[in-house]
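Down below is the structure, laid out as structure tokens.
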Amino acid sequence: MLLKCSTQLSATEQSCILLLREMDLCLLFLLLPLMSRNGLCQQEEGCSKSVIESCDDCIKSGPYCMWCKELNFTKAGEQEAARCDTRAQLIKRGCKMEEIISPQNEPTILKNDPLSVTAIGQQEPVQLRPQRISLMLRPGLPITFTVSFKRVQGYPVDLYYLMDLSYSMKDDLKNVKDLGQELFAALKKFTNSAHIGFGAFVDKTVLPYTNTNKEKLQKPCDENDQQCQAAFGYRHVLSMTSQENEYKEKVTAQYISGNLDPPEGSLDAMMQAAVCGNKIGWRNSSTRLIVLASDAGFHMAGDGKLAGILEPNDEKCHMENNIYTKSADMDYPSVGQLAVQLEKNNIQPIFAVTQNVVNVYKQLSKMIPKSEVGVLSSDSNNVVQLIADAYNKLSSKVTVTHDSLPENVRVVYTPICEKAGPAGGSEGVCDNVHVGQEISFNVTVTATSCMKDKSFTIRPLGIKDTLAVTLSTNCECACGDSIENTHTHCKDKGRVSCGICKCNDGFVGQFCECSTGEKDERSLRASCQRQNGTDCEGRGDCVCGRCQCHTTDSGSSYHGDFCECDDEHCEKFQNKLCGGNGKCNCGRCECFTGYEGSACQCKVSEEGCRTINNTVCYNRGICKCNRCECNEGYQRPQCKDCLGCPDPCQTKLHCIECLGFNSGPFKKNCTEACRKSINHEMVDQITISGNVCSQKDSESCWIKFGLDQLVGEDNYKAEILKGRECPEPPSVTAIIGGSIASVALIGIILLMLIKLLIYIKDLKEFRKFENEKKKSKWAEADNPLFQNATTTVANPTFTGE
């Protein structure tokens, strides 16, 4: 069994709650003191300073930074930023407790009225305390205060019954008409002050939601159904009343209506019921409930585009003669818009829906705080019990949260109750809170920047009571300085402010000891700054435009024009500065005679760098610490070979050509270009065992030569073979004759090809003619114009006898 426990937590203990919020709450409170004492949850206090020039800068730089205002606290040459540190460090360095400036940040309750008086002289119960609080915070440092909530007996209840009157709800309407007495009886079990209102909805009276035929708009139900009212979106029927007769009279006069598609305009109706408070009759101090009864889903923002409705919902009241007038002109509200208005107006919805859509409304309930879903029977005969159960769940769960916060402010809640939700979140939740039970929440507020008179509101969801929080931050030091214009500590050239000098015009310096003359303070400070804009690299003080360097921890001094040098940070060898064989000067080792190296770790010697020809690294590097440091490309140990260098057969070809055969690109300046780098000799046979090259010169002749690299980088000995292998010149006669023969042959081939094409074409035409000739049929009749050459005359008297 859990114990009832409550305590005021420190900032350190609050951090423990955030880390261990999954633990049993009371067990956690029992462990907190022990954990804090043993350092398990100890928050490390530190002061991370930036640019500190005053006490105000120090206070703003970190939540644990404090300022020592003691006059002679800083040592000679020490910057005033040394006055800014944690309390422990300042005391350790000798600052007196009474000289440490640390702004306080304790919460102050300005007003806490247990009761507020109504206009008629009655007292309304207050469930949340305190109701006003003012906080003075230190930026970055959290403050925790306690808010208590006590659920009172008989808190007023306003219930608005919002019913779907589409045709499928016909059977439900019959039961709802006789529901008034049972509803009032159920509510009177919780309160003596219960009011009930009634509203109805179907859907927008435009296509495709409703049949817009004139007759169907007037009677959208079946033809056999005589009692049917005209199509409508949302109608407010009855304002909040405590009279059962009035409820029965108004609801009995309602009839069923109809539409086309299954989803209804329930979000439209809920939005108007939420924002039209004066018309609905919501009381100022009451638990406000909307009971939505439906057997279908709902349209939401964006669905209006199907009907050409593009204007978004404006979340305002548009009721005339108890009818929603913008139903056909304005889109449905989004779930987010509806959730904001319900929370803003302290309305808790109860979705009484049939089994077929219960999952849809459960998803909707997750997005609307303080809402419940109940399964409605097919004829709504269980709606009273459903409302009673939902009311018990809503009223026994207390959720404390806040509205929009000022910028750079964070608020977390830690519930202190038997059935508490997780600690350290943006809302505090206590479940199963009984009537008369008092619970509390630890509220931790943190501001990360300076601000003044910012405010926000803390409220339990669904409850009118609020806590107005006003907060300011303490970002200024109250040092209690005298009003003297000058002070001897400042050479009578300035006044003391929080332990440091504020110099009069024309004087600067830690003690106002420097007269600026014609220059201003900025110009003098600029002469002490190098590249990073810091005076004397942070290692000295800028006095009259010159750096006075501080001493190091070991007692030596920084030096240089900007105090940029010290003699303690040179390279070490064998854990000795400069190997013990030199001295450190401005970060570099200056070696004693006979030693060399970056840390003076080597004796001066060239023994390990000598080559067989008695040179040092073949003159292709330098000898350091008895080892060759070769020029680029040459390899250790003695810089003899160059693996990364270009092939000398290619790079020296033009010089070989001009030196041996007086030709090529370097022909005109061969002496200047090549004689210093190549010592050549014309030979009949190459004897050099090094590089033997065979290259083609600019005249396409093959040259053979040998190269041997001498001491140094670009120094070669060359042996050039006297003879060149040049190709024979081409035969002009053969080329001309071959060209003529080729042209003639090509011409003959072209003529033959043309002749062949012509022959093929003629052959094709002849065959076509033959085919047409075979197909034709000649007429055998005589030509009437033709006269035979022979004329036959018959004697008419001749009888043949």
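As shown in the structure tokens, the chain order sets the letters A, B, ...; within each chain, residues go from 1, and ligands are also counted from 1 in the order they appear.
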
Report the residues of region 382-451 of chain A whose backbone DSSP state falls under helix (DSSP H, G or I), written as a JSON list (two decimals) with N, CA, C and O atoms, in the first residue's frame.
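And here is the file that came out, selection.json:
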```json
[["chain", "number", "residue", "atom", "x", "y", "z"],
["A", 383, "VAL", "N", -27.89, 5.44, -22.80],
["A", 383, "VAL", "CA", -27.12, 6.68, -22.85],
["A", 383, "VAL", "C", -26.94, 7.32, -21.48],
["A", 383, "VAL", "O", -25.90, 7.91, -21.18],
["A", 384, "VAL", "N", -27.92, 7.18, -20.58],
["A", 384, "VAL", "CA", -27.80, 7.80, -19.25],
["A", 384, "VAL", "C", -26.66, 7.16, -18.46],
["A", 384, "VAL", "O", -25.82, 7.85, -17.87],
["A", 385, "GLN", "N", -26.61, 5.83, -18.46],
["A", 385, "GLN", "CA", -25.53, 5.15, -17.76],
["A", 385, "GLN", "C", -24.18, 5.44, -18.40],
["A", 385, "GLN", "O", -23.17, 5.60, -17.72],
["A", 386, "LEU", "N", -24.18, 5.56, -19.73],
["A", 386, "LEU", "CA", -22.94, 5.88, -20.44],
["A", 386, "LEU", "C", -22.42, 7.25, -20.02],
["A", 386, "LEU", "O", -21.23, 7.43, -19.76],
["A", 387, "ILE", "N", -23.33, 8.24, -19.91],
["A", 387, "ILE", "CA", -22.93, 9.59, -19.51],
["A", 387, "ILE", "C", -22.41, 9.58, -18.07],
["A", 387, "ILE", "O", -21.40, 10.22, -17.74],
["A", 388, "ALA", "N", -23.08, 8.84, -17.19],
["A", 388, "ALA", "CA", -22.65, 8.79, -15.78],
["A", 388, "ALA", "C", -21.25, 8.19, -15.66],
["A", 388, "ALA", "O", -20.39, 8.71, -14.93],
["A", 389, "ASP", "N", -21.00, 7.11, -16.39],
["A", 389, "ASP", "CA", -19.68, 6.48, -16.32],
["A", 389, "ASP", "C", -18.60, 7.40, -16.87],
["A", 389, "ASP", "O", -17.50, 7.50, -16.30],
["A", 390, "ALA", "N", -18.90, 8.04, -18.00],
["A", 390, "ALA", "CA", -17.91, 8.93, -18.61],
["A", 390, "ALA", "C", -17.63, 10.13, -17.70],
["A", 390, "ALA", "O", -16.47, 10.56, -17.56],
["A", 391, "TYR", "N", -18.68, 10.67, -17.06],
["A", 391, "TYR", "CA", -18.47, 11.80, -16.15],
["A", 391, "TYR", "C", -17.57, 11.41, -14.98],
["A", 391, "TYR", "O", -16.70, 12.18, -14.56],
["A", 392, "ASN", "N", -17.79, 10.22, -14.44],
["A", 392, "ASN", "CA", -16.94, 9.76, -13.33],
["A", 392, "ASN", "C", -15.48, 9.67, -13.74],
["A", 392, "ASN", "O", -14.57, 10.05, -13.00],
["A", 393, "LYS", "N", -15.23, 9.16, -14.96],
["A", 393, "LYS", "CA", -13.85, 9.05, -15.44],
["A", 393, "LYS", "C", -13.22, 10.42, -15.64],
["A", 393, "LYS", "O", -12.07, 10.66, -15.27],
["A", 394, "LEU", "N", -13.99, 11.33, -16.24],
["A", 394, "LEU", "CA", -13.45, 12.66, -16.52],
["A", 394, "LEU", "C", -13.18, 13.44, -15.24],
["A", 394, "LEU", "O", -12.13, 14.09, -15.10],
["A", 395, "SER", "N", -14.12, 13.42, -14.31],
["A", 395, "SER", "CA", -13.98, 14.23, -13.10],
["A", 395, "SER", "C", -12.96, 13.66, -12.13],
["A", 395, "SER", "O", -12.40, 14.40, -11.32],
["A", 396, "SER", "N", -12.68, 12.36, -12.19],
["A", 396, "SER", "CA", -11.72, 11.77, -11.26],
["A", 396, "SER", "C", -10.29, 11.83, -11.79],
["A", 396, "SER", "O", -9.35, 11.51, -11.07]]
```

Which residues of region 122-227 of chain A sit at most 12 Å from region 326-349 of chain A, using only C-alpha atoms? Give each one's shortest atom pair and distance in Å (one decimal place), in chain and ascending residue order, as CSV.
```
residue,atom,partner,partner_atom,distance
A:Val157,CA,A:Ile347,CA,10.9
A:Asp158,CA,A:Ile347,CA,9.5
A:Leu159,CA,A:Gln348,CA,9.6
A:Tyr160,CA,A:Pro349,CA,9.4
A:Tyr161,CA,A:Pro349,CA,10.2
A:Leu162,CA,A:Pro349,CA,10.2
A:Phe201,CA,A:Ser327,CA,10.8
A:Val202,CA,A:Ser327,CA,10.7
A:Asp203,CA,A:Ser327,CA,8.2
A:Lys204,CA,A:Ser327,CA,5.6
A:Thr205,CA,A:Ala328,CA,6.5
A:Val206,CA,A:Ala328,CA,6.5
A:Leu207,CA,A:Ala328,CA,9.8
A:Pro208,CA,A:Ala328,CA,11.7
A:Tyr209,CA,A:Ala328,CA,10.5
A:Thr210,CA,A:Ala328,CA,10.9
A:Thr212,CA,A:Ala328,CA,11.8
```

Could you list, as a VMD selection string, every residue within 12 Å of region 665-680 of chain A, counting only C-alpha atoms and ignoring same-chain residues fewer than 4 positions away?
chain A and resid 648 651 to 661 686 688 697 to 699 705 to 722

So that I have them on file, write out the residues from the current selection with N, CA, C and O atoms, as a compact mmCIF listing (two decimals), in the first residue's frame.
```txt
# COMPACT_ATOMS: atom_id res chain seq x y z
N PRO A 648 64.25 10.58 -66.10
CA PRO A 648 65.22 11.49 -66.73
C PRO A 648 65.38 11.23 -68.23
O PRO A 648 65.79 12.13 -68.96
N THR A 651 62.85 13.71 -69.47
CA THR A 651 63.10 15.12 -69.14
C THR A 651 64.38 15.66 -69.77
O THR A 651 64.49 16.86 -70.02
N LYS A 652 65.38 14.80 -70.04
CA LYS A 652 66.67 15.26 -70.57
C LYS A 652 66.81 15.04 -72.08
O LYS A 652 67.88 15.29 -72.66
N LEU A 653 65.74 14.54 -72.76
CA LEU A 653 65.82 14.22 -74.18
C LEU A 653 66.20 15.42 -75.03
O LEU A 653 67.08 15.36 -75.90
N HIS A 654 65.54 16.58 -74.80
CA HIS A 654 65.81 17.76 -75.63
C HIS A 654 67.24 18.25 -75.44
O HIS A 654 67.88 18.73 -76.40
N CYS A 655 67.75 18.16 -74.19
CA CYS A 655 69.15 18.56 -73.97
C CYS A 655 70.11 17.60 -74.67
O CYS A 655 71.12 18.02 -75.27
N ILE A 656 69.83 16.30 -74.63
CA ILE A 656 70.69 15.33 -75.32
C ILE A 656 70.69 15.59 -76.82
O ILE A 656 71.73 15.53 -77.51
N GLU A 657 69.51 15.93 -77.37
CA GLU A 657 69.40 16.17 -78.82
C GLU A 657 70.21 17.38 -79.24
O GLU A 657 70.91 17.36 -80.27
N CYS A 658 70.11 18.47 -78.45
CA CYS A 658 70.83 19.67 -78.85
C CYS A 658 72.33 19.56 -78.58
O CYS A 658 73.16 20.06 -79.34
N LEU A 659 72.74 18.86 -77.48
CA LEU A 659 74.17 18.71 -77.18
C LEU A 659 74.84 17.76 -78.14
O LEU A 659 75.99 17.96 -78.55
N GLY A 660 74.15 16.66 -78.52
CA GLY A 660 74.80 15.66 -79.37
C GLY A 660 74.63 15.90 -80.85
O GLY A 660 75.54 15.57 -81.64
N PHE A 661 73.52 16.49 -81.30
CA PHE A 661 73.23 16.58 -82.73
C PHE A 661 72.80 17.97 -83.18
O PHE A 661 72.39 18.15 -84.33
N ILE A 686 78.13 2.71 -75.35
CA ILE A 686 77.73 3.23 -74.03
C ILE A 686 78.32 2.32 -72.96
O ILE A 686 78.13 1.08 -72.99
N ILE A 688 78.03 3.44 -69.46
CA ILE A 688 77.34 3.76 -68.21
C ILE A 688 76.39 2.62 -67.86
O ILE A 688 75.62 2.14 -68.70
N ASP A 697 63.68 11.56 -81.31
CA ASP A 697 63.85 13.01 -81.19
C ASP A 697 62.84 13.75 -82.05
O ASP A 697 61.91 13.14 -82.60
N SER A 698 63.04 15.05 -82.19
CA SER A 698 62.08 15.90 -82.91
C SER A 698 62.07 15.61 -84.41
O SER A 698 61.14 16.02 -85.11
N GLU A 699 63.13 14.94 -84.93
CA GLU A 699 63.19 14.61 -86.35
C GLU A 699 62.82 13.15 -86.59
O GLU A 699 63.13 12.58 -87.64
N PHE A 705 71.34 6.88 -75.49
CA PHE A 705 72.26 7.57 -74.59
C PHE A 705 72.14 6.96 -73.20
O PHE A 705 71.13 6.34 -72.85
N GLY A 706 73.18 7.14 -72.42
CA GLY A 706 73.20 6.67 -71.04
C GLY A 706 73.31 7.83 -70.07
O GLY A 706 73.99 8.83 -70.35
N LEU A 707 72.61 7.76 -68.90
CA LEU A 707 72.62 8.83 -67.91
C LEU A 707 73.04 8.27 -66.56
O LEU A 707 72.58 7.19 -66.14
N ASP A 708 73.88 9.04 -65.89
CA ASP A 708 74.30 8.67 -64.53
C ASP A 708 74.20 9.93 -63.67
O ASP A 708 74.85 10.94 -63.98
N GLN A 709 73.35 9.88 -62.61
CA GLN A 709 73.14 11.07 -61.78
C GLN A 709 74.34 11.27 -60.86
O GLN A 709 74.77 10.35 -60.15
N LEU A 710 74.86 12.49 -60.86
CA LEU A 710 75.98 12.85 -60.01
C LEU A 710 75.46 13.45 -58.71
O LEU A 710 74.26 13.47 -58.44
N VAL A 711 76.33 13.99 -57.89
CA VAL A 711 75.96 14.60 -56.62
C VAL A 711 75.10 15.83 -56.89
O VAL A 711 75.41 16.63 -57.78
N GLY A 712 74.03 15.98 -56.12
CA GLY A 712 73.11 17.09 -56.31
C GLY A 712 71.83 16.61 -56.96
O GLY A 712 71.69 15.44 -57.33
N GLU A 713 70.89 17.54 -57.11
CA GLU A 713 69.58 17.14 -57.63
C GLU A 713 69.56 17.08 -59.16
O GLU A 713 69.14 16.09 -59.74
N ASP A 714 70.04 18.13 -59.84
CA ASP A 714 69.93 18.19 -61.30
C ASP A 714 71.34 18.22 -61.91
O ASP A 714 71.77 19.19 -62.52
N ASN A 715 72.06 17.12 -61.74
CA ASN A 715 73.45 17.04 -62.19
C ASN A 715 73.69 15.64 -62.73
O ASN A 715 73.64 14.66 -61.98
N TYR A 716 73.90 15.52 -64.07
CA TYR A 716 74.01 14.23 -64.73
C TYR A 716 75.27 14.16 -65.60
O TYR A 716 75.75 15.17 -66.15
N LYS A 717 75.81 12.93 -65.76
CA LYS A 717 76.83 12.60 -66.75
C LYS A 717 76.14 11.80 -67.84
O LYS A 717 75.40 10.85 -67.54
N ALA A 718 76.38 12.20 -69.13
CA ALA A 718 75.68 11.56 -70.24
C ALA A 718 76.68 11.02 -71.27
O ALA A 718 77.68 11.68 -71.59
N GLU A 719 76.45 9.82 -71.79
CA GLU A 719 77.17 9.23 -72.92
C GLU A 719 76.17 9.08 -74.06
O GLU A 719 75.17 8.37 -73.92
N ILE A 720 76.50 9.78 -75.20
CA ILE A 720 75.55 9.81 -76.32
C ILE A 720 76.15 9.00 -77.47
O ILE A 720 77.29 9.24 -77.90
N LEU A 721 75.41 8.03 -77.98
CA LEU A 721 75.87 7.23 -79.12
C LEU A 721 75.90 8.11 -80.37
O LEU A 721 74.94 8.86 -80.63
N LYS A 722 77.01 8.04 -81.11
CA LYS A 722 77.23 8.97 -82.22
C LYS A 722 76.17 8.83 -83.32
O LYS A 722 75.71 9.83 -83.88
```

As an exercise, work out the distance from CA of Asp56 (chain A) to CA of Gly540 (chain A) in Å and give it to one decimal place.
22.7 Å

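Taking CA of Cys600 (chain A) and CA of Tyr618 (chain A) as endpoints, the distance between them is 25.1 Å.
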
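Note that CA of Cys547 (chain A) and CA of Lys583 (chain A) are 24.3 Å apart.
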
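Residues in contact with Asn321 (chain A) at 12 Å, where only C-alpha atoms are counted and same-chain residues fewer than 6 positions away are skipped, are listed as Tyr234, Arg235, His236, Val237, Leu238 and Lys279 of chain A.
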
Keeping only N, CA and C atoms, write the selected residues to a file as a PDB file, in the first residue's frame.
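Generated output (out-v4.pdb):
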```pdb
ATOM      1  N   TYR A 234     -26.584  22.506 -38.510  1.00  0.00           N
ATOM      2  CA  TYR A 234     -26.616  22.441 -37.044  1.00  0.00           C
ATOM      3  C   TYR A 234     -27.694  23.399 -36.554  1.00  0.00           C
ATOM      4  N   ARG A 235     -28.511  22.928 -35.571  1.00  0.00           N
ATOM      5  CA  ARG A 235     -29.551  23.765 -34.970  1.00  0.00           C
ATOM      6  C   ARG A 235     -29.442  23.672 -33.448  1.00  0.00           C
ATOM      7  N   HIS A 236     -29.398  24.848 -32.817  1.00  0.00           N
ATOM      8  CA  HIS A 236     -29.442  24.904 -31.355  1.00  0.00           C
ATOM      9  C   HIS A 236     -30.918  24.897 -30.933  1.00  0.00           C
ATOM     10  N   VAL A 237     -31.289  23.908 -30.135  1.00  0.00           N
ATOM     11  CA  VAL A 237     -32.694  23.706 -29.791  1.00  0.00           C
ATOM     12  C   VAL A 237     -33.033  24.278 -28.424  1.00  0.00           C
ATOM     13  N   LEU A 238     -32.225  23.987 -27.435  1.00  0.00           N
ATOM     14  CA  LEU A 238     -32.550  24.367 -26.058  1.00  0.00           C
ATOM     15  C   LEU A 238     -31.306  24.849 -25.349  1.00  0.00           C
ATOM     16  N   LYS A 279     -25.140  31.900 -26.342  1.00  0.00           N
ATOM     17  CA  LYS A 279     -26.368  31.313 -26.881  1.00  0.00           C
ATOM     18  C   LYS A 279     -26.635  29.943 -26.255  1.00  0.00           C
TER      19      LYS A 279
END
```

Pick out each residue of region 462-613 of chain A that DSSP on the backbone tags as strand (DSSP E or B); I need them as number ranges by chain.
A: 467-473, 494-497, 500-503, 507-508, 514-515, 529, 535, 540-543, 546-549, 551, 557, 559, 565, 572-573, 576-577, 582-585, 588-591, 595-596, 602-603, 610

Include C-alpha atoms and write out the residues we just selected as a CSV table (one decimal), in the first residue's frame.
```csv
chain,number,residue,atom,x,y,z
A,467,LEU,CA,-3.2,29.9,-11.7
A,468,ALA,CA,-1.7,33.1,-13.2
A,469,VAL,CA,2.1,33.0,-13.1
A,470,THR,CA,4.0,36.2,-13.5
A,471,LEU,CA,7.8,35.8,-13.7
A,472,SER,CA,10.8,38.1,-14.0
A,473,THR,CA,14.5,37.3,-13.9
A,494,GLY,CA,36.2,57.5,-10.8
A,495,ARG,CA,33.7,55.8,-8.5
A,496,VAL,CA,33.4,52.3,-7.2
A,497,SER,CA,30.7,50.0,-8.6
A,500,ILE,CA,35.6,47.8,-9.6
A,501,CYS,CA,36.3,51.3,-10.8
A,502,LYS,CA,34.0,53.2,-13.2
A,503,CYS,CA,36.3,55.9,-14.5
A,507,PHE,CA,40.5,58.2,-17.7
A,508,VAL,CA,40.9,54.4,-18.1
A,514,CYS,CA,45.6,56.3,-17.3
A,515,SER,CA,44.7,59.5,-19.0
A,529,GLN,CA,44.7,43.5,-29.2
A,535,ASP,CA,43.3,42.4,-24.6
A,540,GLY,CA,48.0,40.8,-19.2
A,541,ASP,CA,46.4,44.2,-18.6
A,542,CYS,CA,46.1,47.0,-21.2
A,543,VAL,CA,47.5,50.0,-19.4
A,546,ARG,CA,50.4,49.0,-23.7
A,547,CYS,CA,50.3,45.5,-22.3
A,548,GLN,CA,51.5,44.8,-18.8
A,549,CYS,CA,52.0,41.1,-18.8
A,551,THR,CA,53.2,36.2,-14.3
A,557,SER,CA,56.4,36.4,-16.8
A,559,HIS,CA,56.3,38.6,-22.6
A,565,CYS,CA,54.9,34.5,-25.4
A,572,LYS,CA,60.0,18.3,-24.2
A,573,PHE,CA,62.4,15.4,-24.6
A,576,LYS,CA,62.8,17.8,-19.9
A,577,LEU,CA,62.0,21.2,-21.4
A,582,GLY,CA,68.6,24.5,-24.6
A,583,LYS,CA,66.3,27.2,-23.4
A,584,CYS,CA,62.6,27.9,-24.2
A,585,ASN,CA,61.8,31.3,-25.7
A,588,ARG,CA,60.5,27.5,-29.4
A,589,CYS,CA,63.7,25.8,-28.2
A,590,GLU,CA,67.0,27.7,-28.6
A,591,CYS,CA,69.6,25.0,-28.4
A,595,TYR,CA,72.8,20.4,-29.9
A,596,GLU,CA,70.1,20.6,-32.4
A,602,CYS,CA,70.4,15.6,-30.8
A,603,LYS,CA,74.1,16.3,-30.8
A,610,ARG,CA,78.0,10.7,-45.1
```

Find the spatial neighbours of Asn432 (chain A), counting only C-alpha atoms, within a cut-off of 12 Å - ignore same-chain residues fewer than 5 positions away - and output them as number ranges by chain.
A: 151, 392-399, 417-421, 437-439

Selection above as a file: N, CA, C and O atoms, as a PDB file, in the first residue's frame:
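Output below, filename out.pdb:
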```
ATOM      1  N   ARG A 151     -10.861  18.388  -5.064  1.00  0.00           N
ATOM      2  CA  ARG A 151     -12.117  18.162  -5.776  1.00  0.00           C
ATOM      3  C   ARG A 151     -13.279  18.351  -4.808  1.00  0.00           C
ATOM      4  O   ARG A 151     -13.404  17.631  -3.812  1.00  0.00           O
ATOM      5  N   ASN A 392     -17.787  10.221 -14.437  1.00  0.00           N
ATOM      6  CA  ASN A 392     -16.943   9.761 -13.331  1.00  0.00           C
ATOM      7  C   ASN A 392     -15.478   9.667 -13.744  1.00  0.00           C
ATOM      8  O   ASN A 392     -14.575  10.049 -12.995  1.00  0.00           O
ATOM      9  N   LYS A 393     -15.227   9.160 -14.962  1.00  0.00           N
ATOM     10  CA  LYS A 393     -13.846   9.047 -15.437  1.00  0.00           C
ATOM     11  C   LYS A 393     -13.216  10.421 -15.642  1.00  0.00           C
ATOM     12  O   LYS A 393     -12.066  10.655 -15.272  1.00  0.00           O
ATOM     13  N   LEU A 394     -13.986  11.335 -16.237  1.00  0.00           N
ATOM     14  CA  LEU A 394     -13.446  12.663 -16.519  1.00  0.00           C
ATOM     15  C   LEU A 394     -13.180  13.445 -15.242  1.00  0.00           C
ATOM     16  O   LEU A 394     -12.130  14.090 -15.096  1.00  0.00           O
ATOM     17  N   SER A 395     -14.117  13.419 -14.312  1.00  0.00           N
ATOM     18  CA  SER A 395     -13.984  14.232 -13.103  1.00  0.00           C
ATOM     19  C   SER A 395     -12.963  13.659 -12.134  1.00  0.00           C
ATOM     20  O   SER A 395     -12.402  14.398 -11.319  1.00  0.00           O
ATOM     21  N   SER A 396     -12.683  12.359 -12.190  1.00  0.00           N
ATOM     22  CA  SER A 396     -11.718  11.767 -11.260  1.00  0.00           C
ATOM     23  C   SER A 396     -10.286  11.835 -11.788  1.00  0.00           C
ATOM     24  O   SER A 396      -9.347  11.509 -11.066  1.00  0.00           O
ATOM     25  N   LYS A 397     -10.115  12.246 -13.043  1.00  0.00           N
ATOM     26  CA  LYS A 397      -8.774  12.396 -13.610  1.00  0.00           C
ATOM     27  C   LYS A 397      -8.439  13.878 -13.713  1.00  0.00           C
ATOM     28  O   LYS A 397      -9.099  14.628 -14.420  1.00  0.00           O
ATOM     29  N   VAL A 398      -7.416  14.307 -12.982  1.00  0.00           N
ATOM     30  CA  VAL A 398      -7.020  15.716 -12.951  1.00  0.00           C
ATOM     31  C   VAL A 398      -5.728  15.864 -13.744  1.00  0.00           C
ATOM     32  O   VAL A 398      -4.706  15.234 -13.421  1.00  0.00           O
ATOM     33  N   THR A 399      -5.794  16.671 -14.787  1.00  0.00           N
ATOM     34  CA  THR A 399      -4.624  16.922 -15.639  1.00  0.00           C
ATOM     35  C   THR A 399      -4.301  18.414 -15.588  1.00  0.00           C
ATOM     36  O   THR A 399      -5.118  19.246 -15.988  1.00  0.00           O
ATOM     37  N   CYS A 417       0.420  12.237  -5.712  1.00  0.00           N
ATOM     38  CA  CYS A 417      -0.857  11.598  -5.431  1.00  0.00           C
ATOM     39  C   CYS A 417      -0.667  10.084  -5.508  1.00  0.00           C
ATOM     40  O   CYS A 417       0.414   9.601  -5.881  1.00  0.00           O
ATOM     41  N   GLU A 418      -1.710   9.350  -5.172  1.00  0.00           N
ATOM     42  CA  GLU A 418      -1.586   7.897  -5.138  1.00  0.00           C
ATOM     43  C   GLU A 418      -1.407   7.314  -6.537  1.00  0.00           C
ATOM     44  O   GLU A 418      -0.577   6.448  -6.753  1.00  0.00           O
ATOM     45  N   LYS A 419      -2.210   7.759  -7.490  1.00  0.00           N
ATOM     46  CA  LYS A 419      -2.109   7.254  -8.856  1.00  0.00           C
ATOM     47  C   LYS A 419      -1.631   8.399  -9.754  1.00  0.00           C
ATOM     48  O   LYS A 419      -2.420   9.090 -10.380  1.00  0.00           O
ATOM     49  N   ALA A 420      -0.324   8.586  -9.728  1.00  0.00           N
ATOM     50  CA  ALA A 420       0.271   9.707 -10.449  1.00  0.00           C
ATOM     51  C   ALA A 420       0.792   9.257 -11.806  1.00  0.00           C
ATOM     52  O   ALA A 420       1.268   8.129 -11.973  1.00  0.00           O
ATOM     53  N   GLY A 421       0.687  10.170 -12.753  1.00  0.00           N
ATOM     54  CA  GLY A 421       1.292   9.931 -14.057  1.00  0.00           C
ATOM     55  C   GLY A 421       2.784  10.168 -13.988  1.00  0.00           C
ATOM     56  O   GLY A 421       3.342  10.473 -12.918  1.00  0.00           O
ATOM     57  N   GLN A 437     -10.869  14.851  -1.859  1.00  0.00           N
ATOM     58  CA  GLN A 437      -9.450  14.511  -1.772  1.00  0.00           C
ATOM     59  C   GLN A 437      -8.602  15.658  -2.295  1.00  0.00           C
ATOM     60  O   GLN A 437      -8.907  16.252  -3.338  1.00  0.00           O
ATOM     61  N   GLU A 438      -7.550  15.968  -1.582  1.00  0.00           N
ATOM     62  CA  GLU A 438      -6.647  17.034  -1.999  1.00  0.00           C
ATOM     63  C   GLU A 438      -5.353  16.413  -2.525  1.00  0.00           C
ATOM     64  O   GLU A 438      -4.743  15.557  -1.881  1.00  0.00           O
ATOM     65  N   ILE A 439      -4.966  16.845  -3.687  1.00  0.00           N
ATOM     66  CA  ILE A 439      -3.722  16.390  -4.304  1.00  0.00           C
ATOM     67  C   ILE A 439      -2.871  17.617  -4.603  1.00  0.00           C
ATOM     68  O   ILE A 439      -3.335  18.766  -4.482  1.00  0.00           O
TER      69      ILE A 439
END
```

Show me, as a list in words, the residues that have an atom within 6 Å of region 47-54 of chain A when counting only C-alpha atoms, minus same-chain residues fewer than 6 positions from it.
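Near neighbours after the sequence-gap exclusion: Ser61, Gly62, Tyr64, Cys65, Ala81, Asp85 and Thr86 of chain A.
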
For Asn408 (chain A), please output as number ranges by chain all residues within 8 Å (counting only C-alpha atoms; exclusion window: fewer than 4 positions along the same chain).
A: 447-449

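Closest approach to Gly154 (chain A) among A:Ile91, A:Ala301, A:Ala194, A:Val291: A:Ala194, based on only C-alpha atoms.
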